[in-house]
Structure formats: C-alpha cells, structure tokens
Amino acid sequence: MPGGRPRTFDEDEALERAVEVFWRQGYEGTSVTDLTSAMGVNKPSLYAVYGGKADLFRRVVAHYAEHEMAYAQAALAEPTALGVVHRFLNDNVIALTRDDKPLGCLSIQGGLSCSTENQDVAQFLAASRLAGEKAFADRFRRAIQDRDLSAEADPDALARFLMVISEGQAVHAAAGVGREALQQTATIAEAAFKALCG
C-alpha cells in the first residue's frame, strides 16, 4: 500500500507456521501470542495482514485443505469408486502419521470441542468436513450413473462411512496409534466398502 511500511516477513511462510500452531494446539488452545511468536510477526501486523485470530484460522484451514489434504482431490479423480476409496484411505493414513507434521488432522484437533463463545469455529470446521463428505457422495453418485457402483448403493451413506473412518483414524493418530495399526483399519474399511457396494 502506498506510503505504508514494507512487510518484513514472508506472508506464506508465516501462514505455514500458523498452520502448525493451530494443528498442534487447536483453536482455543492457541493464543495470539503463540501465533505472533511462531509466525515472526507482531500483533498489529497479524491483525493488519490476517484480520485477527478467527480470520487467520479460516485462512489456515483453507491452506491446510489445499496443501495437506490435496490427496483427497487426487482420490476423487480416480477412475473407479473402489479406486477412490482405496487411495483416500491409504493416503489419509500417511497424512495422519507424517514425521514432519503434527499427528492427526487440523480439522479434528482445531476445534472439535469449543466453548460457547467459539461455536462459530466449531460450526465452520463441521461445515468444512461436510463439504468434503458431499464431494465424495457426488463422486459415488456419478459412479452409480456410470454403473461402476450398484444402483442399490447409497452414495450419501457411503460418503458418511468414509468420513467417519477417516475422522476416527485422525483421533487415533493424534493419540499416538501408529501407521501400521491405522493401515489395518483402512484395509478393513476398504473391504467393508466393497461388501456394501456389491
């Protein structure tokens, strides 16, 4: 902006650091001081550039979905419904248990339980998860139209099943359950999906 002082930090790098803080500590467990310290910005800069904690959190979730959860979009592009499920479940296990990232999932850790004053954050995260569920339901609808899935299959129920598994996996990963154990669950879930689809 003309006449303003130039930024002394990398906005994208600072956002990446905010992702890690919210991912590890959740929305309510993260203070503005935690954020400014991790991001290398002062409080006025945080508000000027990101709009405060709540607005920053929304940007963090969008960034997380685009980068850390890119595997979900890749899974949706698989040519068959079973391919979608296989890729999503297996890539999800890897994403939840990376050595270079916090364990689990930002969307789950971020605000599964929030106080009354932060219910809008919990609702925002729930809406984000439901949008992902809808994307899978739409993909399974297409699979039914393409005769890749049985006409008796319920695309909404199948998508919900997939999300329940991935969200449960995230809770277990955050609690320290290892990749191998989570992979066993993914294998069972995939077998159940095959049985349900006929």
# chains A, B, ... in the order shown; residues from 1 in each chain; ligands from 1
$ residues_around --residues "stretch 172-178 of chain A" --least-positions-apart "4" --cutoff "7 Å" --atoms "only C-alpha atoms" --output "list in words"
Leu96, Thr97, Leu103, Gly104, Gly168 and Leu182 of chain A
$ write_last_selection --atoms "C-alpha atoms" --output "PDB file, in the first residue's frame"
ATOM      1  CA  LEU A  96      -2.073 -38.505   9.614  1.00  0.00           C
ATOM      2  CA  THR A  97       1.245 -40.073  10.607  1.00  0.00           C
ATOM      3  CA  LEU A 103      -0.076 -36.203  14.178  1.00  0.00           C
ATOM      4  CA  GLY A 104      -3.753 -36.332  13.291  1.00  0.00           C
ATOM      5  CA  GLY A 168     -11.747 -41.774  13.674  1.00  0.00           C
ATOM      6  CA  LEU A 182      -4.148 -47.436  11.146  1.00  0.00           C
TER       7      LEU A 182
END
$ select_by_dssp --residues "chain A" --states "helix (DSSP H, G or I)" --output "ChimeraX atom specification"
/A:11-25,32-39,43-50,53-67,70-76,81-96,106-111,116-145,155-174,179-197
$ closest_residue --among "A:Thr80, A:Ser150, A:Ser37, A:Thr185" --to "A:Leu162" --atoms "only C-alpha atoms"
A:Thr185
$ residues_around --residues "stretch 130-138 of chain A" --least-positions-apart "6" --cutoff "12 Å" --atoms "only C-alpha atoms" --output "number ranges by chain"
A: 65, 69-70, 72-78, 81-82, 84-85, 88, 107, 123-124, 144-145, 153-167
$ residues_around --residues "A:Glu190" --least-positions-apart "2" --cutoff "9 Å" --atoms "only C-alpha atoms" --output "number ranges by chain"
A: 82, 85-86, 89, 185-188, 192-195
$ atom_distance --atom1 "atom CA of A:Gly110" --atom2 "atom CA of A:Gln183"
23.6 Å
$ closest_atom_pairs --of "stretch 50-157 of chain A" --to "stretch 6-25 of chain A" --cutoff "9 Å" --atoms "only C-alpha atoms" --output "tab-separated table"
residue	atom	partner	partner_atom	distance
A:Leu56	CA	A:Ala18	CA	8.1
A:Phe57	CA	A:Phe22	CA	7.6
A:Arg59	CA	A:Leu15	CA	8.1
A:Val60	CA	A:Val19	CA	5.4
A:Val61	CA	A:Val19	CA	7.6
A:His63	CA	A:Val19	CA	8.0
A:Tyr64	CA	A:Val19	CA	7.0
A:Lys101	CA	A:Glu20	CA	7.5
A:Pro102	CA	A:Arg24	CA	6.1
A:Leu103	CA	A:Arg24	CA	8.1
A:Gly104	CA	A:Trp23	CA	8.4
A:Cys105	CA	A:Trp23	CA	7.1
A:Leu106	CA	A:Trp23	CA	4.6
A:Ser107	CA	A:Trp23	CA	8.0
A:Ile108	CA	A:Trp23	CA	8.8
A:Gln109	CA	A:Trp23	CA	6.2
A:Gly110	CA	A:Trp23	CA	6.0
$ residues_around --residues "A:Ala122" --least-positions-apart "3" --cutoff "12 Å" --atoms "only C-alpha atoms" --output "PyMOL selection string"
chain A and resi 26-28+54+57-58+107-119+125-129
$ write_last_selection --atoms "N, CA and C atoms" --output "mmCIF file, in the first residue's frame"
data_model
loop_
_atom_site.group_PDB
_atom_site.id
_atom_site.type_symbol
_atom_site.label_atom_id
_atom_site.label_comp_id
_atom_site.auth_asym_id
_atom_site.auth_seq_id
_atom_site.Cartn_x
_atom_site.Cartn_y
_atom_site.Cartn_z
ATOM 1 N N GLY A 26 -4.935 -26.648 18.635
ATOM 2 C CA GLY A 26 -6.358 -26.386 18.486
ATOM 3 C C GLY A 26 -6.635 -24.889 18.490
ATOM 4 N N TYR A 27 -7.845 -24.531 18.160
ATOM 5 C CA TYR A 27 -8.195 -23.108 18.087
ATOM 6 C C TYR A 27 -8.164 -22.460 19.469
ATOM 7 N N GLU A 28 -8.862 -23.056 20.422
ATOM 8 C CA GLU A 28 -8.943 -22.442 21.749
ATOM 9 C C GLU A 28 -7.630 -22.523 22.512
ATOM 10 N N ALA A 54 -9.479 -15.340 14.441
ATOM 11 C CA ALA A 54 -10.542 -16.108 13.780
ATOM 12 C C ALA A 54 -10.378 -16.090 12.262
ATOM 13 N N PHE A 57 -7.460 -18.201 11.292
ATOM 14 C CA PHE A 57 -7.790 -19.630 11.380
ATOM 15 C C PHE A 57 -8.501 -20.104 10.119
ATOM 16 N N ARG A 58 -9.400 -19.296 9.605
ATOM 17 C CA ARG A 58 -10.106 -19.664 8.368
ATOM 18 C C ARG A 58 -9.122 -19.772 7.196
ATOM 19 N N SER A 107 -8.423 -30.293 11.141
ATOM 20 C CA SER A 107 -9.865 -30.084 11.243
ATOM 21 C C SER A 107 -10.432 -30.724 12.505
ATOM 22 N N ILE A 108 -9.860 -31.865 12.910
ATOM 23 C CA ILE A 108 -10.332 -32.538 14.127
ATOM 24 C C ILE A 108 -9.748 -31.866 15.360
ATOM 25 N N GLN A 109 -8.418 -31.665 15.375
ATOM 26 C CA GLN A 109 -7.785 -31.044 16.529
ATOM 27 C C GLN A 109 -8.159 -29.575 16.675
ATOM 28 N N GLY A 110 -8.452 -28.949 15.538
ATOM 29 C CA GLY A 110 -8.663 -27.499 15.547
ATOM 30 C C GLY A 110 -9.808 -27.015 16.386
ATOM 31 N N GLY A 111 -10.863 -27.773 16.478
ATOM 32 C CA GLY A 111 -11.997 -27.248 17.226
ATOM 33 C C GLY A 111 -13.152 -28.203 17.356
ATOM 34 N N LEU A 112 -12.851 -29.487 17.575
ATOM 35 C CA LEU A 112 -13.930 -30.453 17.720
ATOM 36 C C LEU A 112 -14.800 -30.088 18.911
ATOM 37 N N SER A 113 -14.157 -29.585 19.966
ATOM 38 C CA SER A 113 -14.939 -29.132 21.102
ATOM 39 C C SER A 113 -14.512 -27.707 21.420
ATOM 40 N N CYS A 114 -15.472 -26.806 21.328
ATOM 41 C CA CYS A 114 -15.210 -25.382 21.580
ATOM 42 C C CYS A 114 -16.205 -24.859 22.596
ATOM 43 N N SER A 115 -15.784 -23.832 23.340
ATOM 44 C CA SER A 115 -16.698 -23.197 24.285
ATOM 45 C C SER A 115 -17.798 -22.475 23.509
ATOM 46 N N THR A 116 -18.818 -22.059 24.224
ATOM 47 C CA THR A 116 -19.968 -21.400 23.603
ATOM 48 C C THR A 116 -19.545 -20.194 22.781
ATOM 49 N N GLU A 117 -18.587 -19.444 23.278
ATOM 50 C CA GLU A 117 -18.181 -18.217 22.571
ATOM 51 C C GLU A 117 -17.469 -18.502 21.253
ATOM 52 N N ASN A 118 -16.998 -19.738 21.076
ATOM 53 C CA ASN A 118 -16.308 -20.096 19.831
ATOM 54 C C ASN A 118 -17.067 -21.155 19.023
ATOM 55 N N GLN A 119 -18.383 -21.220 19.216
ATOM 56 C CA GLN A 119 -19.184 -22.195 18.477
ATOM 57 C C GLN A 119 -19.124 -21.958 16.972
ATOM 58 N N LEU A 125 -15.726 -25.579 11.052
ATOM 59 C CA LEU A 125 -14.989 -26.818 10.799
ATOM 60 C C LEU A 125 -15.936 -27.955 10.421
ATOM 61 N N ALA A 126 -17.081 -28.016 11.089
ATOM 62 C CA ALA A 126 -18.067 -29.048 10.752
ATOM 63 C C ALA A 126 -18.551 -28.876 9.314
ATOM 64 N N ALA A 127 -18.791 -27.627 8.916
ATOM 65 C CA ALA A 127 -19.233 -27.346 7.543
ATOM 66 C C ALA A 127 -18.153 -27.736 6.540
ATOM 67 N N SER A 128 -16.894 -27.498 6.898
ATOM 68 C CA SER A 128 -15.781 -27.880 6.015
ATOM 69 C C SER A 128 -15.734 -29.388 5.831
ATOM 70 N N ARG A 129 -15.911 -30.120 6.931
ATOM 71 C CA ARG A 129 -15.889 -31.582 6.842
ATOM 72 C C ARG A 129 -17.083 -32.097 6.028
#
$ atom_distance --atom1 "atom CA of A:Val171" --atom2 "atom CA of A:Ser31"
22.8 Å
$ atom_distance --atom1 "atom CA of A:Phe140" --atom2 "atom CA of A:Gly83"
11.3 Å
$ closest_residue --among "A:Asp55, A:Asp99, A:Asp148, A:Ile94" --to "A:Glu180" --atoms "only C-alpha atoms"
A:Ile94
$ decode --residues "stretch 69-81 of chain A" --atoms "all heavy atoms" --output "mmCIF file, in the first residue's frame"
data_model
loop_
_atom_site.group_PDB
_atom_site.id
_atom_site.type_symbol
_atom_site.label_atom_id
_atom_site.label_comp_id
_atom_site.auth_asym_id
_atom_site.auth_seq_id
_atom_site.Cartn_x
_atom_site.Cartn_y
_atom_site.Cartn_z
ATOM 1 N N MET A 69 -4.227 -31.673 2.465
ATOM 2 C CA MET A 69 -5.279 -32.619 2.096
ATOM 3 C C MET A 69 -5.471 -32.718 0.586
ATOM 4 O O MET A 69 -6.532 -33.141 0.118
ATOM 5 C CB MET A 69 -6.589 -32.241 2.781
ATOM 6 C CG MET A 69 -6.551 -32.511 4.281
ATOM 7 S SD MET A 69 -8.197 -32.662 4.962
ATOM 8 C CE MET A 69 -8.809 -34.144 4.175
ATOM 9 N N ALA A 70 -4.459 -32.353 -0.171
ATOM 10 C CA ALA A 70 -4.545 -32.455 -1.630
ATOM 11 C C ALA A 70 -4.809 -33.898 -2.065
ATOM 12 O O ALA A 70 -5.387 -34.139 -3.129
ATOM 13 C CB ALA A 70 -3.258 -31.932 -2.260
ATOM 14 N N TYR A 71 -4.434 -34.845 -1.213
ATOM 15 C CA TYR A 71 -4.652 -36.256 -1.548
ATOM 16 C C TYR A 71 -6.142 -36.580 -1.706
ATOM 17 O O TYR A 71 -6.506 -37.505 -2.440
ATOM 18 C CB TYR A 71 -4.009 -37.171 -0.497
ATOM 19 C CG TYR A 71 -4.633 -37.100 0.876
ATOM 20 C CD1 TYR A 71 -5.722 -37.892 1.213
ATOM 21 C CD2 TYR A 71 -4.128 -36.235 1.843
ATOM 22 C CE1 TYR A 71 -6.294 -37.831 2.469
ATOM 23 C CE2 TYR A 71 -4.694 -36.168 3.097
ATOM 24 C CZ TYR A 71 -5.784 -36.962 3.412
ATOM 25 O OH TYR A 71 -6.348 -36.894 4.658
ATOM 26 N N ALA A 72 -7.019 -35.836 -1.041
ATOM 27 C CA ALA A 72 -8.459 -36.098 -1.167
ATOM 28 C C ALA A 72 -8.935 -35.784 -2.582
ATOM 29 O O ALA A 72 -9.699 -36.554 -3.179
ATOM 30 C CB ALA A 72 -9.239 -35.286 -0.139
ATOM 31 N N GLN A 73 -8.465 -34.661 -3.135
ATOM 32 C CA GLN A 73 -8.815 -34.320 -4.519
ATOM 33 C C GLN A 73 -8.247 -35.336 -5.495
ATOM 34 O O GLN A 73 -8.899 -35.711 -6.471
ATOM 35 C CB GLN A 73 -8.302 -32.913 -4.862
ATOM 36 C CG GLN A 73 -9.067 -31.786 -4.194
ATOM 37 C CD GLN A 73 -10.550 -31.814 -4.514
ATOM 38 O OE1 GLN A 73 -10.960 -32.014 -5.645
ATOM 39 N NE2 GLN A 73 -11.373 -31.626 -3.487
ATOM 40 N N ALA A 74 -7.039 -35.800 -5.216
ATOM 41 C CA ALA A 74 -6.431 -36.823 -6.076
ATOM 42 C C ALA A 74 -7.250 -38.111 -6.027
ATOM 43 O O ALA A 74 -7.450 -38.773 -7.050
ATOM 44 C CB ALA A 74 -4.990 -37.080 -5.641
ATOM 45 N N ALA A 75 -7.733 -38.467 -4.840
ATOM 46 C CA ALA A 75 -8.550 -39.678 -4.695
ATOM 47 C C ALA A 75 -9.851 -39.549 -5.480
ATOM 48 O O ALA A 75 -10.273 -40.495 -6.162
ATOM 49 C CB ALA A 75 -8.844 -39.947 -3.219
ATOM 50 N N LEU A 76 -10.484 -38.377 -5.408
ATOM 51 C CA LEU A 76 -11.748 -38.165 -6.124
ATOM 52 C C LEU A 76 -11.592 -38.314 -7.632
ATOM 53 O O LEU A 76 -12.559 -38.605 -8.335
ATOM 54 C CB LEU A 76 -12.309 -36.781 -5.791
ATOM 55 C CG LEU A 76 -12.923 -36.631 -4.388
ATOM 56 C CD1 LEU A 76 -13.081 -35.169 -4.032
ATOM 57 C CD2 LEU A 76 -14.251 -37.368 -4.303
ATOM 58 N N ALA A 77 -10.380 -38.114 -8.120
ATOM 59 C CA ALA A 77 -10.119 -38.205 -9.563
ATOM 60 C C ALA A 77 -9.849 -39.637 -10.030
ATOM 61 O O ALA A 77 -9.723 -39.880 -11.225
ATOM 62 C CB ALA A 77 -8.929 -37.320 -9.930
ATOM 63 N N GLU A 78 -9.796 -40.588 -9.104
ATOM 64 C CA GLU A 78 -9.573 -41.987 -9.503
ATOM 65 C C GLU A 78 -10.725 -42.463 -10.388
ATOM 66 O O GLU A 78 -11.866 -42.035 -10.220
ATOM 67 C CB GLU A 78 -9.462 -42.875 -8.258
ATOM 68 C CG GLU A 78 -8.171 -42.709 -7.479
ATOM 69 C CD GLU A 78 -6.973 -43.297 -8.209
ATOM 70 O OE1 GLU A 78 -7.107 -44.359 -8.849
ATOM 71 O OE2 GLU A 78 -5.890 -42.687 -8.145
ATOM 72 N N PRO A 79 -10.441 -43.361 -11.335
ATOM 73 C CA PRO A 79 -11.462 -43.742 -12.320
ATOM 74 C C PRO A 79 -12.602 -44.610 -11.798
ATOM 75 O O PRO A 79 -13.647 -44.707 -12.427
ATOM 76 C CB PRO A 79 -10.660 -44.485 -13.392
ATOM 77 C CG PRO A 79 -9.416 -44.932 -12.712
ATOM 78 C CD PRO A 79 -9.130 -43.915 -11.657
ATOM 79 N N THR A 80 -12.413 -45.276 -10.650
ATOM 80 C CA THR A 80 -13.480 -46.123 -10.101
ATOM 81 C C THR A 80 -13.754 -45.739 -8.649
ATOM 82 O O THR A 80 -12.881 -45.180 -7.964
ATOM 83 C CB THR A 80 -13.098 -47.615 -10.139
ATOM 84 O OG1 THR A 80 -11.990 -47.827 -9.231
ATOM 85 C CG2 THR A 80 -12.718 -48.061 -11.548
ATOM 86 N N ALA A 81 -14.946 -46.083 -8.176
ATOM 87 C CA ALA A 81 -15.309 -45.798 -6.784
ATOM 88 C C ALA A 81 -14.376 -46.525 -5.816
ATOM 89 O O ALA A 81 -13.949 -45.953 -4.808
ATOM 90 C CB ALA A 81 -16.760 -46.188 -6.535
#
